[in-house]
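Before any comments, here is the structure.
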Amino acid sequence: MSGESMITVKDLRKVFKTKFGDLVAVDNINFEIRRGEIFGLVGESGSGKSTIGSMIVGTYPPTSGSITFQDGRDISKSYKFRSQELKREIQLVFQDPGGSLNPRKTIRQILSVPLQLFSDKHLSKSELDERLEKALLKVDLPTEYLDKYPRAIGGGEKQLVCIARALAADPSFIVLDEPTSALDVSIQAKITNKLIELQKENGISYLFITHNLCLVRNMCHRLAIMYLGNICEFAETAEFFERPLHPYTQMLLASIPVVSDEEEKLKPQKIHSVGEIPSPLNKPSGCSFHPRCPYKMDICAEKVPEMREITPGHFACCHML
Amino acid sequence: MVNTVNIQTVKKVNPRAEAMKKAWYKFSRNPLSVLGLVVVVGVIFVAVFATVLAPHPEDAGLSIHMTETFQAPGLAHLAGTDEYGRDVFSRILIGLRYSLAIGLLVLAISVPFGVLMGLLAGYYKGRLIEAIIMRFTELFMSIPPLILAMVICTMFSSKYIFAAIGIAVAWWPWYTRITYNLVTSLSNELYIVYTQLSGVKMMKIIIQEMLPNIMSPILTKMSLDMGSIIITASSMSFVGLGVQPPTPSLGEMISSGIKYLPNIWWLTIMPALMVVLVVLGFNLLGDGLSDVLSVEEK
């Protein structure tokens, strides 16, 4: 893994206007994804992780802050203002594979869209067929699937088609927005392994958005934990599981369901989950985690903690550390 | 599991033909849908060959048989005879032809126009053109179709073709509304979001990605509407707009027979039964189509 930067996010902030007031979906987000890296973004629903993914692919622009791509191209704008080249380089896989494939189109028609759209020349019928077959083989699906409709194949296979569609654009970066959470557990492992394999083969980078910590451990090189629109901890995966620093992270790790007592012992510390994530419309003062935090101090309700590097490469934002 | 060795030898199947086959299988499993199809095909057949099938085709006109007036339904006259001694059965068959033709004509005008307007409003969402189209749609929808059709028909001419145009003018907003709503809800579908993010042109998205998903509700509505249009056209003939006597239409026959009720019942009941049959047939077919065309099929 080279240290070259793929995506740099600086002071990112997104505010949605709602009829109940301004909703700060994400705020003060800083991170960098390197070339060839799988970067994990973990958090509960409502933590703002998908909002970040959406801004990177350009569904909507950030309210303030910047996203820079590779050599410094500014991509903090919506898809309408992005170049076709940029759209090709940054691809997206959604959570719901059923909803991301047009039910009235065959797999052939679905995969033809990016192949033709992002090809530098007009593809002849035979060239297109050849590339279509290649695209399916990349994700280990038989070529006869080309003439099937999405409803005729399984959920995991649909997600593989979505991955093939993203790869067909020949991207350098893919945002995976909870790509396995709509699938059966047995298929989840197959998809994640395939994703890792494809990442190694093609040298692309992923932003892997998930709420599943177990998946992150096998997949990601580095990861960030999000809570209510902020990143609260940020580290290399191994270091993170070894020494989780933030009380919220410890709580998350403690809440992973395990099968045996031996596994239970492997968990870092026992912090029991208290309460639920509050509404982003009504954020607590100071550190947004303080109402649920077992180590709450007076300062926590008053002052927002700053992100500090606790050990090299391991950042956390907590008054206690 | 798929045997990967055999992939090369698997016969290439046409996905569209395969889907059609499955759809037909599903359709044919529902007896009501099949009944609807049989009725519709039968009615169209009868309408096309009305002059051949009618025992007394000349009775569609001004012929008068003074010796045979007001005969009750029987073997000589299946649906009896009217005040001029004309064979009601023959008049129903020929009247059916006009009723069906008006239904098809109305759909042929209102559906393409309505769908186009809906697509335009969806395409220009948030712009002035969307507001203009949708406000016009609401304006036209706020007037009962029968009244609107009658006004237009009386403004121009009471001729058959103007009756169809009048009904079409009252009918298109419903197709605009449906199309617009479908385009709007489809815009949130992930597969549409994907094409937008990838930079596919909006016009291409609407035609290639959305239209196939819109067609099935539209087709279903068309077959369901056929019945309503025939009833509307009948109601217009009832007040003398559209098909003019002595040319028979189902609505005109009902209206002119009504003064002989209840003793000479067949002058109204017989054509009314034909209206019921046609409406029922198209409705059953429409229901069947909507079942088959829905995507959730396995």
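Residues in the structure tokens are named by chain (A, B, ... in the order shown) and by number from 1 within that chain; ligands are numbered from 1 in the order shown.
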Residues of chain B within 6 Å of chain A: nearest atom pair and distance (Å, one decimal) for each, counting only C-alpha atoms, sorted by chain and number, as JSON lines?
```
{"residue": "B:Pro15", "atom": "CA", "partner": "A:Asp147", "partner_atom": "CA", "distance": 5.6}
{"residue": "B:Leu190", "atom": "CA", "partner": "A:Ser100", "partner_atom": "CA", "distance": 4.6}
{"residue": "B:Tyr191", "atom": "CA", "partner": "A:Ser100", "partner_atom": "CA", "distance": 4.2}
{"residue": "B:Leu197", "atom": "CA", "partner": "A:Tyr79", "partner_atom": "CA", "distance": 5.8}
{"residue": "B:Ser198", "atom": "CA", "partner": "A:Lys87", "partner_atom": "CA", "distance": 5.6}
```
Set the distance at 12 Å and use only C-alpha atoms: which residues neighbour Leu215 of chain A once local chain neighbours fewer than 6 positions away are removed? I'd like the list as a PDB file with N, CA and C atoms, in the first residue's frame.
```
ATOM      1  N   ILE A  38      -8.698  -0.246   1.877  1.00  0.00           N
ATOM      2  CA  ILE A  38     -10.115  -0.388   2.210  1.00  0.00           C
ATOM      3  C   ILE A  38     -10.327   0.365   3.512  1.00  0.00           C
ATOM      4  N   GLY A  40     -12.825   1.690   6.381  1.00  0.00           N
ATOM      5  CA  GLY A  40     -14.128   1.376   6.952  1.00  0.00           C
ATOM      6  C   GLY A  40     -14.747   2.580   7.633  1.00  0.00           C
ATOM      7  N   LEU A  41     -16.038   2.750   7.452  1.00  0.00           N
ATOM      8  CA  LEU A  41     -16.759   3.812   8.140  1.00  0.00           C
ATOM      9  C   LEU A  41     -17.881   3.125   8.904  1.00  0.00           C
ATOM     10  N   VAL A  42     -17.769   3.115  10.238  1.00  0.00           N
ATOM     11  CA  VAL A  42     -18.681   2.310  11.039  1.00  0.00           C
ATOM     12  C   VAL A  42     -19.541   3.212  11.910  1.00  0.00           C
ATOM     13  N   GLU A 178     -22.981  -0.260   2.809  1.00  0.00           N
ATOM     14  CA  GLU A 178     -23.537  -1.445   3.447  1.00  0.00           C
ATOM     15  C   GLU A 178     -23.873  -2.529   2.415  1.00  0.00           C
ATOM     16  N   PRO A 179     -22.876  -2.983   1.663  1.00  0.00           N
ATOM     17  CA  PRO A 179     -23.180  -3.870   0.538  1.00  0.00           C
ATOM     18  C   PRO A 179     -23.693  -5.241   0.955  1.00  0.00           C
ATOM     19  N   THR A 180     -23.495  -5.622   2.199  1.00  0.00           N
ATOM     20  CA  THR A 180     -23.898  -6.987   2.570  1.00  0.00           C
ATOM     21  C   THR A 180     -25.026  -7.025   3.593  1.00  0.00           C
ATOM     22  N   SER A 181     -25.445  -5.867   4.093  1.00  0.00           N
ATOM     23  CA  SER A 181     -26.365  -5.931   5.232  1.00  0.00           C
ATOM     24  C   SER A 181     -27.775  -6.375   4.836  1.00  0.00           C
ATOM     25  N   VAL A 185     -26.595 -14.160   6.045  1.00  0.00           N
ATOM     26  CA  VAL A 185     -25.259 -14.230   6.647  1.00  0.00           C
ATOM     27  C   VAL A 185     -24.346 -15.133   5.826  1.00  0.00           C
ATOM     28  N   GLN A 188     -23.087 -13.213   2.949  1.00  0.00           N
ATOM     29  CA  GLN A 188     -22.268 -12.053   3.312  1.00  0.00           C
ATOM     30  C   GLN A 188     -20.779 -12.352   3.179  1.00  0.00           C
ATOM     31  N   ALA A 189     -20.370 -13.508   3.735  1.00  0.00           N
ATOM     32  CA  ALA A 189     -18.955 -13.862   3.725  1.00  0.00           C
ATOM     33  C   ALA A 189     -18.455 -13.998   2.296  1.00  0.00           C
ATOM     34  N   LYS A 190     -19.287 -14.608   1.441  1.00  0.00           N
ATOM     35  CA  LYS A 190     -18.890 -14.826   0.056  1.00  0.00           C
ATOM     36  C   LYS A 190     -18.665 -13.489  -0.652  1.00  0.00           C
ATOM     37  N   ILE A 191     -19.593 -12.567  -0.404  1.00  0.00           N
ATOM     38  CA  ILE A 191     -19.491 -11.259  -1.066  1.00  0.00           C
ATOM     39  C   ILE A 191     -18.270 -10.484  -0.564  1.00  0.00           C
ATOM     40  N   THR A 192     -18.067 -10.498   0.770  1.00  0.00           N
ATOM     41  CA  THR A 192     -16.929  -9.730   1.283  1.00  0.00           C
ATOM     42  C   THR A 192     -15.611 -10.319   0.780  1.00  0.00           C
ATOM     43  N   ASN A 193     -15.523 -11.655   0.744  1.00  0.00           N
ATOM     44  CA  ASN A 193     -14.294 -12.259   0.236  1.00  0.00           C
ATOM     45  C   ASN A 193     -14.052 -11.865  -1.211  1.00  0.00           C
ATOM     46  N   LEU A 195     -15.112  -9.188  -2.635  1.00  0.00           N
ATOM     47  CA  LEU A 195     -14.744  -7.769  -2.676  1.00  0.00           C
ATOM     48  C   LEU A 195     -13.262  -7.573  -2.366  1.00  0.00           C
ATOM     49  N   ILE A 196     -12.770  -8.311  -1.352  1.00  0.00           N
ATOM     50  CA  ILE A 196     -11.360  -8.209  -0.993  1.00  0.00           C
ATOM     51  C   ILE A 196     -10.489  -8.674  -2.154  1.00  0.00           C
ATOM     52  N   PHE A 208     -15.764   1.514   2.746  1.00  0.00           N
ATOM     53  CA  PHE A 208     -16.686   0.460   3.136  1.00  0.00           C
ATOM     54  C   PHE A 208     -17.546   0.964   4.287  1.00  0.00           C
ATOM     55  N   ILE A 209     -18.806   1.254   3.998  1.00  0.00           N
ATOM     56  CA  ILE A 209     -19.713   1.792   5.009  1.00  0.00           C
ATOM     57  C   ILE A 209     -20.506   0.641   5.616  1.00  0.00           C
ATOM     58  N   HIS A 221      -8.406  -1.875   6.160  1.00  0.00           N
ATOM     59  CA  HIS A 221      -7.064  -1.555   6.642  1.00  0.00           C
ATOM     60  C   HIS A 221      -7.137  -0.553   7.786  1.00  0.00           C
ATOM     61  N   LEU A 223     -10.019   2.264   9.892  1.00  0.00           N
ATOM     62  CA  LEU A 223     -11.440   2.544  10.015  1.00  0.00           C
ATOM     63  C   LEU A 223     -11.716   3.723  10.930  1.00  0.00           C
ATOM     64  N   THR A 237      -6.927  -0.962  11.671  1.00  0.00           N
ATOM     65  CA  THR A 237      -7.874  -1.952  12.163  1.00  0.00           C
ATOM     66  C   THR A 237      -7.309  -2.783  13.321  1.00  0.00           C
ATOM     67  N   ILE A 256     -21.036  -6.786  20.446  1.00  0.00           N
ATOM     68  CA  ILE A 256     -20.997  -7.795  19.381  1.00  0.00           C
ATOM     69  C   ILE A 256     -21.492  -9.116  19.961  1.00  0.00           C
TER      70      ILE A 256
END
```
* Asked: Which neighbours of Leu321 of chain A fall inside 10 Å, counting only C-alpha atoms, when residues of the same chain fewer than 4 positions from it are skipped, and could you give them as a list in words?
  -> Leu245, His246, Pro305, Arg308, Glu309, Ile310, Ala316 and Cys317 of chain A
Please produce a file of the residues just selected, as a compact mmCIF listing (two decimals), in the first residue's frame, where the atoms kept are N, CA and C atoms.
```txt
# COMPACT_ATOMS: atom_id res chain seq x y z
N LEU A 245 -10.26 3.03 22.24
CA LEU A 245 -10.06 4.10 23.22
C LEU A 245 -11.36 4.78 23.64
N HIS A 246 -12.18 5.10 22.67
CA HIS A 246 -13.37 5.88 22.97
C HIS A 246 -14.41 4.99 23.68
N PRO A 305 -15.27 17.75 22.81
CA PRO A 305 -13.87 17.30 22.85
C PRO A 305 -13.23 17.40 21.48
N ARG A 308 -7.75 14.09 19.01
CA ARG A 308 -6.31 14.13 19.31
C ARG A 308 -5.67 12.80 18.97
N GLU A 309 -4.41 12.87 18.58
CA GLU A 309 -3.67 11.64 18.26
C GLU A 309 -3.15 11.06 19.57
N ILE A 310 -3.73 9.96 20.02
CA ILE A 310 -3.38 9.39 21.31
C ILE A 310 -2.08 8.61 21.21
N ALA A 316 -8.61 9.82 18.70
CA ALA A 316 -9.90 9.68 19.35
C ALA A 316 -10.30 11.05 19.86
N CYS A 317 -11.59 11.23 20.08
CA CYS A 317 -11.99 12.50 20.64
C CYS A 317 -12.83 12.27 21.89
```
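Among the candidates A:Phe39, A:Phe173, A:Phe289, A:Phe240, the one nearest to Gln70 of chain A when counting only C-alpha atoms is A:Phe173.
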Write out as a PDB file with C-alpha atoms, in the first residue's frame each polymer residue whose atoms come within 8 Å of Arg177 of chain B, counting only C-alpha atoms; drop sequence neighbours fewer than 3 positions from it.
```pdb
ATOM      1  CA  GLY B 118     -46.660  13.253 -17.920  1.00  0.00           C
ATOM      2  CA  MET B 134     -49.762  19.843 -13.885  1.00  0.00           C
ATOM      3  CA  THR B 137     -54.089  18.586 -15.724  1.00  0.00           C
ATOM      4  CA  PRO B 173     -55.237  14.194 -17.683  1.00  0.00           C
ATOM      5  CA  TRP B 174     -55.565  10.844 -15.933  1.00  0.00           C
ATOM      6  CA  TYR B 180     -46.074  11.938 -13.772  1.00  0.00           C
ATOM      7  CA  ASN B 181     -46.528  10.108 -10.470  1.00  0.00           C
TER       8      ASN B 181
END
```
* Using the chain letters and numbers from this document, which residues of segment 23-182 of chain B does DSSP assign to alpha helix (DSSP H), as a PyMOL selection string? -> chain B and resi 23-28+31-48+50-53+88-123+128-141+145-156+160-182
* **Secondary structure check, strand (DSSP E or B) residues of segment 97-244 of chain A, as a list in words** => Phe173, Ile174, Val175, Leu176, Asp177, Ser205, Tyr206, Leu207, Phe208, Ile209, Thr210, Arg222, Leu223, Ala224, Ile225, Met226, Tyr227, Asn230, Ile231, Cys232, Glu233, Phe234, Ala235 and Glu236 of chain A
* Asked: Neighbours of Ser256 of chain B within 12 Å (only C-alpha atoms; same-chain residues fewer than 5 positions away dropped), as a list in words?
  -> Asp82, Glu83, Ser234, Ser235, Ser237, Phe238, Val239, Gly240, Gln244, Pro245, Pro246, Pro248, Ser249, Leu250, Gly251, Leu261, Ile264, Trp265, Trp266, Leu267, Thr268, Ile269 and Pro271 of chain B
